[in-house]
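Undergrad: Once you've had a glance at the structure underneath, I'll fire off some questions.
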Amino acid sequence: MRAVDIIMKKRNGEELNESEINFLIDGFTKGSIENYQMSAFTMAVYFKGMTDLESTYLTKAMLNSGDVLDLSRIDGIKVDKHSTGGVGDKTSLVIAPLVASLGIKFAKMSGRGLGHTGGTLDKLESIPGYNINLSEEKFIDQVNSIGIALVGQTALLAPADKKLYALRDVTATVDSIPLIASSIMSKKLASGADAICLDVKVGSGAFMKNVEDATRLANLMVEIGKNCGKKMTAILTNMDEPLGFAVGNSLEVVEAINTLNGNGPKDFMELCLELSAYLVLDAGVCETIEEAKALCIKQIENKEALASLAKLVEAQGGDASFVYDVSKFAKAKYTIDVKALKDGYVGFINALEIGNAAMLLGAGRARLTDNIDHSVGIVLNKKVGSLVKKGDVIATIHSNKEDNSKEIDMLSNAYCIQNDKVESKLILKVVK
């Protein structure tokens, strides 16, 4: 078997078999297949696509390129969720403790954030002492003990994906749906969960800009998961404005805690309940989505979900008192109000521009080696559909810099204020 023959076969639009895909991924991971050959392959996939079966083979090959977490020692159904990434997306901080409070095992490995804000790990590290690094043994023991763990991914989890993504990033082949799906699902499957809920973002602040492409991606990821014996749900959600009000690490953790106290933003609460309910459903705790949502609401009202977050923080070395007193979180030195330039309704908020402004403040990183300032970020005062008057505060910048003129301009430009009121729909579609 030769790499050039496999590349030619895909270039000609033919379907590859499992042994051919395994040969490519194994050789690329071990270094016997060169970067230029794999670049040619990814470009062929970009133009010719892959069948669902090919994408499943590719996912399995990347999954088996490194460690696969064995969660069989954890009692009961294990669940996980994944978001394709958005601005103000802190759903794991609510969903994980909420689901765990119902006795469902939530075992999640997350990565660092790269871009507009930190990832789940960076947000959790806003809490002093929180340790993202647990051995596999401690990870399993903790989930068995308190039903929840949120830790960093091991470097040996799907190493082929890491190597392949770095290549796609410099060869203009990132936005290929089969390659995106296999990248996401190889890591999710390697993490060992029985049921997975995917939050596929759509819009200006998301990688997928339209519902058609997002639906194709969701369908493919669900099919891959089912082919690998997993219970799968994908939910398409609107990212044409940031999720919730807060963008920035400590600010988002505070908003998540407020949500677990029943005081969260309406859109953020709606999404957390939707994602949580499908995990509860797939875990077999409830028979209908309505019953699952009602049960989740009850766990917020009785503070069991909040207590579950405190248990998580304490188990991983963090100061759990922050969960019950959000005034303890680090605060930025300056707060700067951004005001509306005219009367009207908020018709659109460029989520990506909001995210980029947060990154300039220090809430995100351009490179994985960059440091994050947990205290900085942006809090939105007005969302899509809000009535504003000229001079109203539309957003507040939390900064440790003296000069924030660029960020002020970015926020002003991110808000589209118009004469007609529009309604924003958050949940666009559910794929099972």
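Note on naming: chains are A, B, ... as they come in the structure tokens, residues start from 1 per chain, ligands start from 1 in the order shown.
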Quick one: residues within 6 Å of stretch 45-48 of chain A, only C-alpha atoms counted, chain neighbours fewer than 2 positions away excluded, as a ChimeraX atom specification?

TA: /A:13,42-43,176

Undergrad: Quick one: which stretch 213-321 of chain A residues come within 7 Å of stretch 350-357 of chain A, and what is the nearest atom pair for each with the distance in Å to one decimal, counting only C-alpha atoms, rows ordered by chain and ascending number, as a Markdown table?

TA:
```
| residue | atom | partner | partner_atom | distance |
| --- | --- | --- | --- | --- |
| A:Met239 | CA | A:Ala351 | CA | 7.0 |
| A:Asp240 | CA | A:Ala351 | CA | 6.0 |
| A:Glu241 | CA | A:Ala351 | CA | 4.8 |
| A:Pro242 | CA | A:Ala351 | CA | 5.2 |
```

Undergrad: Just write the chosen residues, N, CA and C atoms, as an mmCIF file, in the first residue's frame.

TA:
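Okay, part_39.cif is ready:
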```
data_model
loop_
_atom_site.group_PDB
_atom_site.id
_atom_site.type_symbol
_atom_site.label_atom_id
_atom_site.label_comp_id
_atom_site.auth_asym_id
_atom_site.auth_seq_id
_atom_site.Cartn_x
_atom_site.Cartn_y
_atom_site.Cartn_z
ATOM 1 N N MET A 239 -25.461 31.910 17.192
ATOM 2 C CA MET A 239 -24.322 32.675 17.682
ATOM 3 C C MET A 239 -24.184 33.969 16.879
ATOM 4 N N ASP A 240 -25.340 34.587 16.559
ATOM 5 C CA ASP A 240 -25.331 35.911 15.920
ATOM 6 C C ASP A 240 -25.324 37.026 16.959
ATOM 7 N N GLU A 241 -25.199 36.638 18.220
ATOM 8 C CA GLU A 241 -24.897 37.551 19.312
ATOM 9 C C GLU A 241 -24.260 36.709 20.411
ATOM 10 N N PRO A 242 -23.463 37.306 21.296
ATOM 11 C CA PRO A 242 -22.850 36.524 22.374
ATOM 12 C C PRO A 242 -23.896 35.842 23.246
#
```

Undergrad: For A:Val285, list every protein, DNA or RNA residue within 12 Å, evaluated using only C-alpha atoms, and leave out those in the same chain fewer than 4 positions away; present the list as a PDB file with C-alpha atoms, in the first residue's frame.

TA:
```pdb
ATOM      1  CA  GLY A  76     -23.562   4.019  35.521  1.00  0.00           C
ATOM      2  CA  ILE A  77     -24.020   6.019  32.311  1.00  0.00           C
ATOM      3  CA  VAL A  99     -26.466  16.884  35.392  1.00  0.00           C
ATOM      4  CA  ALA A 100     -24.168  15.466  38.094  1.00  0.00           C
ATOM      5  CA  LEU A 102     -29.105  14.142  39.353  1.00  0.00           C
ATOM      6  CA  GLY A 103     -26.740  11.226  39.883  1.00  0.00           C
ATOM      7  CA  ILE A 104     -25.569  11.112  36.249  1.00  0.00           C
ATOM      8  CA  LYS A 105     -21.803  10.767  35.835  1.00  0.00           C
ATOM      9  CA  SER A 276     -28.816  19.314  30.083  1.00  0.00           C
ATOM     10  CA  ALA A 277     -32.256  17.874  29.371  1.00  0.00           C
ATOM     11  CA  TYR A 278     -31.032  15.845  26.395  1.00  0.00           C
ATOM     12  CA  LEU A 279     -28.194  14.413  28.477  1.00  0.00           C
ATOM     13  CA  VAL A 280     -30.696  13.508  31.218  1.00  0.00           C
ATOM     14  CA  LEU A 281     -32.916  11.907  28.572  1.00  0.00           C
ATOM     15  CA  ILE A 289     -37.600  16.177  27.176  1.00  0.00           C
ATOM     16  CA  GLU A 291     -39.879  15.956  32.121  1.00  0.00           C
ATOM     17  CA  ALA A 292     -36.092  16.277  31.937  1.00  0.00           C
ATOM     18  CA  LYS A 293     -36.241  20.084  31.776  1.00  0.00           C
ATOM     19  CA  LEU A 295     -36.230  18.044  36.740  1.00  0.00           C
ATOM     20  CA  CYS A 296     -33.278  20.295  35.840  1.00  0.00           C
TER      21      CYS A 296
END
```

Undergrad: Select, from A:Asp175, A:Asp199, A:Asp122, A:Asp67, the residue with the minimum atom-to-atom distance to A:Thr154, counting only C-alpha atoms.

TA: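 Between A:Asp175, A:Asp199, A:Asp122, A:Asp67, the residue approaching A:Thr154 most closely is A:Asp67.
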
Undergrad: Just want the 10 Å neighbourhood of A:Thr29, counted on only C-alpha atoms, with same-chain residues fewer than 3 positions away dropped. Output as a PDB file with N, CA, C and O atoms, in the first residue's frame.

TA:
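Final output, saved to part-v4.pdb:
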```
ATOM      1  N   LEU A  24      -2.943   5.570   6.215  1.00  0.00           N
ATOM      2  CA  LEU A  24      -2.559   6.989   6.131  1.00  0.00           C
ATOM      3  C   LEU A  24      -2.360   7.600   7.516  1.00  0.00           C
ATOM      4  O   LEU A  24      -1.337   8.246   7.784  1.00  0.00           O
ATOM      5  N   ILE A  25      -3.329   7.430   8.398  1.00  0.00           N
ATOM      6  CA  ILE A  25      -3.274   8.073   9.717  1.00  0.00           C
ATOM      7  C   ILE A  25      -2.151   7.477  10.558  1.00  0.00           C
ATOM      8  O   ILE A  25      -1.421   8.205  11.243  1.00  0.00           O
ATOM      9  N   ASP A  26      -1.995   6.166  10.511  1.00  0.00           N
ATOM     10  CA  ASP A  26      -0.919   5.526  11.270  1.00  0.00           C
ATOM     11  C   ASP A  26       0.443   5.995  10.777  1.00  0.00           C
ATOM     12  O   ASP A  26       1.328   6.343  11.575  1.00  0.00           O
ATOM     13  N   SER A  32       6.136   8.241   8.970  1.00  0.00           N
ATOM     14  CA  SER A  32       6.552   7.579   7.729  1.00  0.00           C
ATOM     15  C   SER A  32       5.846   8.159   6.504  1.00  0.00           C
ATOM     16  O   SER A  32       6.292   7.953   5.366  1.00  0.00           O
ATOM     17  N   ILE A  33       4.738   8.872   6.732  1.00  0.00           N
ATOM     18  CA  ILE A  33       4.068   9.609   5.657  1.00  0.00           C
ATOM     19  C   ILE A  33       4.309  11.088   5.888  1.00  0.00           C
ATOM     20  O   ILE A  33       4.069  11.617   6.974  1.00  0.00           O
ATOM     21  N   GLU A  34       4.829  11.753   4.865  1.00  0.00           N
ATOM     22  CA  GLU A  34       5.296  13.134   4.996  1.00  0.00           C
ATOM     23  C   GLU A  34       4.142  14.139   5.066  1.00  0.00           C
ATOM     24  O   GLU A  34       3.029  13.868   4.608  1.00  0.00           O
ATOM     25  N   MET A  62      -8.037   8.181  14.018  1.00  0.00           N
ATOM     26  CA  MET A  62      -7.453   9.221  14.871  1.00  0.00           C
ATOM     27  C   MET A  62      -7.682   8.898  16.342  1.00  0.00           C
ATOM     28  O   MET A  62      -6.813   9.123  17.185  1.00  0.00           O
ATOM     29  N   SER A  65      -5.127   6.482  17.533  1.00  0.00           N
ATOM     30  CA  SER A  65      -3.724   6.887  17.377  1.00  0.00           C
ATOM     31  C   SER A  65      -3.037   7.127  18.718  1.00  0.00           C
ATOM     32  O   SER A  65      -1.824   7.297  18.772  1.00  0.00           O
ATOM     33  N   GLY A  66      -3.807   7.150  19.792  1.00  0.00           N
ATOM     34  CA  GLY A  66      -3.227   7.395  21.118  1.00  0.00           C
ATOM     35  C   GLY A  66      -4.062   6.735  22.195  1.00  0.00           C
ATOM     36  O   GLY A  66      -4.712   5.708  21.959  1.00  0.00           O
ATOM     37  N   ALA A 158      -5.810  11.182  21.208  1.00  0.00           N
ATOM     38  CA  ALA A 158      -5.943  11.442  19.760  1.00  0.00           C
ATOM     39  C   ALA A 158      -4.816  12.334  19.225  1.00  0.00           C
ATOM     40  O   ALA A 158      -5.065  13.398  18.668  1.00  0.00           O
ATOM     41  N   PRO A 159      -3.543  11.915  19.360  1.00  0.00           N
ATOM     42  CA  PRO A 159      -2.430  12.748  18.888  1.00  0.00           C
ATOM     43  C   PRO A 159      -2.461  13.002  17.386  1.00  0.00           C
ATOM     44  O   PRO A 159      -1.963  14.016  16.913  1.00  0.00           O
ATOM     45  N   ALA A 160      -3.050  12.083  16.619  1.00  0.00           N
ATOM     46  CA  ALA A 160      -3.145  12.292  15.174  1.00  0.00           C
ATOM     47  C   ALA A 160      -3.961  13.531  14.855  1.00  0.00           C
ATOM     48  O   ALA A 160      -3.669  14.259  13.901  1.00  0.00           O
ATOM     49  N   ASP A 161      -4.989  13.787  15.658  1.00  0.00           N
ATOM     50  CA  ASP A 161      -5.828  14.962  15.426  1.00  0.00           C
ATOM     51  C   ASP A 161      -5.026  16.254  15.617  1.00  0.00           C
ATOM     52  O   ASP A 161      -5.122  17.175  14.815  1.00  0.00           O
ATOM     53  N   LYS A 162      -4.241  16.295  16.690  1.00  0.00           N
ATOM     54  CA  LYS A 162      -3.432  17.489  16.955  1.00  0.00           C
ATOM     55  C   LYS A 162      -2.456  17.757  15.810  1.00  0.00           C
ATOM     56  O   LYS A 162      -2.299  18.893  15.346  1.00  0.00           O
ATOM     57  N   LYS A 163      -1.826  16.696  15.322  1.00  0.00           N
ATOM     58  CA  LYS A 163      -0.847  16.836  14.247  1.00  0.00           C
ATOM     59  C   LYS A 163      -1.536  17.219  12.932  1.00  0.00           C
ATOM     60  O   LYS A 163      -1.046  18.071  12.179  1.00  0.00           O
ATOM     61  N   LEU A 164      -2.685  16.603  12.687  1.00  0.00           N
ATOM     62  CA  LEU A 164      -3.407  16.882  11.448  1.00  0.00           C
ATOM     63  C   LEU A 164      -3.998  18.285  11.457  1.00  0.00           C
ATOM     64  O   LEU A 164      -3.975  18.982  10.436  1.00  0.00           O
TER      65      LEU A 164
END
```

Undergrad: Mind listing the helix (DSSP H, G or I) residues of stretch 177-422 of chain A, per DSSP on the backbone, as an MDAnalysis selection string?

TA: chainID A and resid 177:190 211:227 249:260 266:282 289:301 304:315 321:324 326:328 351:361 405:414

Undergrad: Applying 7 Å and only C-alpha atoms, which residues near stretch 82-94 of chain A remain after dropping the ones on its own chain fewer than 6 positions away? List them as a list in words.

TA: Thr120, Cys197, Leu198, Asp199, Val200, Lys201, Gly205, Ala206, Met239, Pro242, Leu243, Gly244, Ala246, Val247, Glu252, Ala256, Leu260, Cys272, Ala351, Leu352 and Gly355 of chain A

Undergrad: Quick one: residues within 12 Å of A:Val211, only C-alpha atoms counted, chain neighbours fewer than 4 positions away excluded, as a PyMOL selection string?

TA: chain A and resi 200-204+206-207+215-219+235-240+427-430

Undergrad: Could you pull the residues within 8 Å of stretch 139-153 of chain A, counting only C-alpha atoms, minus those fewer than 2 positions along the same chain, as a PyMOL selection string?

TA: chain A and resi 71+73-75+96-97+100-101+103-112+121+131-137+155+157+308+311-312+315

Undergrad: So that I have them on file, write out the residues from the current selection with C-alpha atoms, as a PDB file, in the first residue's frame.

TA:
```pdb
ATOM      1  CA  LEU A  71     -14.373   4.689  31.921  1.00  0.00           C
ATOM      2  CA  ARG A  73     -14.681   1.501  36.187  1.00  0.00           C
ATOM      3  CA  ILE A  74     -17.139   4.374  36.607  1.00  0.00           C
ATOM      4  CA  ASP A  75     -20.561   3.143  37.672  1.00  0.00           C
ATOM      5  CA  ALA A  96     -21.798  19.591  34.334  1.00  0.00           C
ATOM      6  CA  PRO A  97     -22.856  20.239  37.958  1.00  0.00           C
ATOM      7  CA  ALA A 100     -24.168  15.466  38.094  1.00  0.00           C
ATOM      8  CA  SER A 101     -26.589  16.628  40.811  1.00  0.00           C
ATOM      9  CA  GLY A 103     -26.740  11.226  39.883  1.00  0.00           C
ATOM     10  CA  ILE A 104     -25.569  11.112  36.249  1.00  0.00           C
ATOM     11  CA  LYS A 105     -21.803  10.767  35.835  1.00  0.00           C
ATOM     12  CA  PHE A 106     -20.276  13.752  34.025  1.00  0.00           C
ATOM     13  CA  ALA A 107     -16.660  13.001  33.073  1.00  0.00           C
ATOM     14  CA  LYS A 108     -15.206  15.732  30.880  1.00  0.00           C
ATOM     15  CA  MET A 109     -11.793  16.506  29.445  1.00  0.00           C
ATOM     16  CA  SER A 110     -11.430  20.018  28.012  1.00  0.00           C
ATOM     17  CA  GLY A 111      -8.795  21.960  26.140  1.00  0.00           C
ATOM     18  CA  ARG A 112      -7.351  25.431  26.517  1.00  0.00           C
ATOM     19  CA  LEU A 121     -10.180  25.167  31.891  1.00  0.00           C
ATOM     20  CA  ASN A 131      -6.292  21.998  39.571  1.00  0.00           C
ATOM     21  CA  ILE A 132      -7.002  20.888  35.994  1.00  0.00           C
ATOM     22  CA  ASN A 133      -4.440  18.079  36.077  1.00  0.00           C
ATOM     23  CA  LEU A 134      -5.634  14.783  37.536  1.00  0.00           C
ATOM     24  CA  SER A 135      -4.206  11.326  36.951  1.00  0.00           C
ATOM     25  CA  GLU A 136      -6.543   8.901  35.216  1.00  0.00           C
ATOM     26  CA  GLU A 137      -6.943   7.034  38.513  1.00  0.00           C
ATOM     27  CA  ALA A 155      -1.429  15.082  25.184  1.00  0.00           C
ATOM     28  CA  LEU A 157      -5.465  11.691  23.565  1.00  0.00           C
ATOM     29  CA  SER A 308     -22.519  20.070  42.936  1.00  0.00           C
ATOM     30  CA  LYS A 311     -18.084  19.849  45.389  1.00  0.00           C
ATOM     31  CA  LEU A 312     -16.275  19.875  42.035  1.00  0.00           C
ATOM     32  CA  ALA A 315     -12.400  18.119  44.986  1.00  0.00           C
TER      33      ALA A 315
END
```

Undergrad: How many Å separate atom CA of A:Lys138 from atom CA of A:Asp70?

TA: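 Computing the Euclidean distance for atom CA of A:Lys138 and atom CA of A:Asp70 yields 13.0 Å.
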
Undergrad: Identify which of the residues A:Leu341, A:Val384, A:Val174, A:Ala190 lies closest to A:Leu63, counting only C-alpha atoms when measuring atom-to-atom distances.

TA: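 The answer is A:Ala190, which sits nearest to A:Leu63.
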
Undergrad: Using only C-alpha atoms, which of the listed residues (A:Glu14, A:Asp80, A:Glu423, A:Glu212) sits closest to A:Leu189?

TA: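 When distances to A:Leu189 are compared using only C-alpha atoms, the smallest one comes from A:Asp80.
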
Undergrad: Which is closest to A:Ile196 among A:His374, A:Lys9, A:Arg367, A:Lys230, if we use only C-alpha atoms?

TA: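 Checking each of A:His374, A:Lys9, A:Arg367, A:Lys230 against A:Ile196, counting only C-alpha atoms, the winner is A:Lys230.
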
Undergrad: Given the choices A:Ser126, A:Lys81, A:Ser183, A:Ile257, which gets closest to A:Ile372 if the distance is worked out from only C-alpha atoms?

TA: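 Smallest distance to A:Ile372 is found for A:Ser126.
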
Undergrad: Rounded to one decimal place, report the atom CA of A:Ala414-atom CA of A:Val346 distance in Å.

TA: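 According to the coordinates, atom CA of A:Ala414 and atom CA of A:Val346 are separated by 10.4 Å.
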
Undergrad: Under the rule that only C-alpha atoms are counted, which of A:Ile336, A:Leu220, A:Val79, A:Ile397 is the nearest residue to A:Asp282?

TA: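 Nearest candidate to A:Asp282 out of A:Ile336, A:Leu220, A:Val79, A:Ile397: A:Val79.
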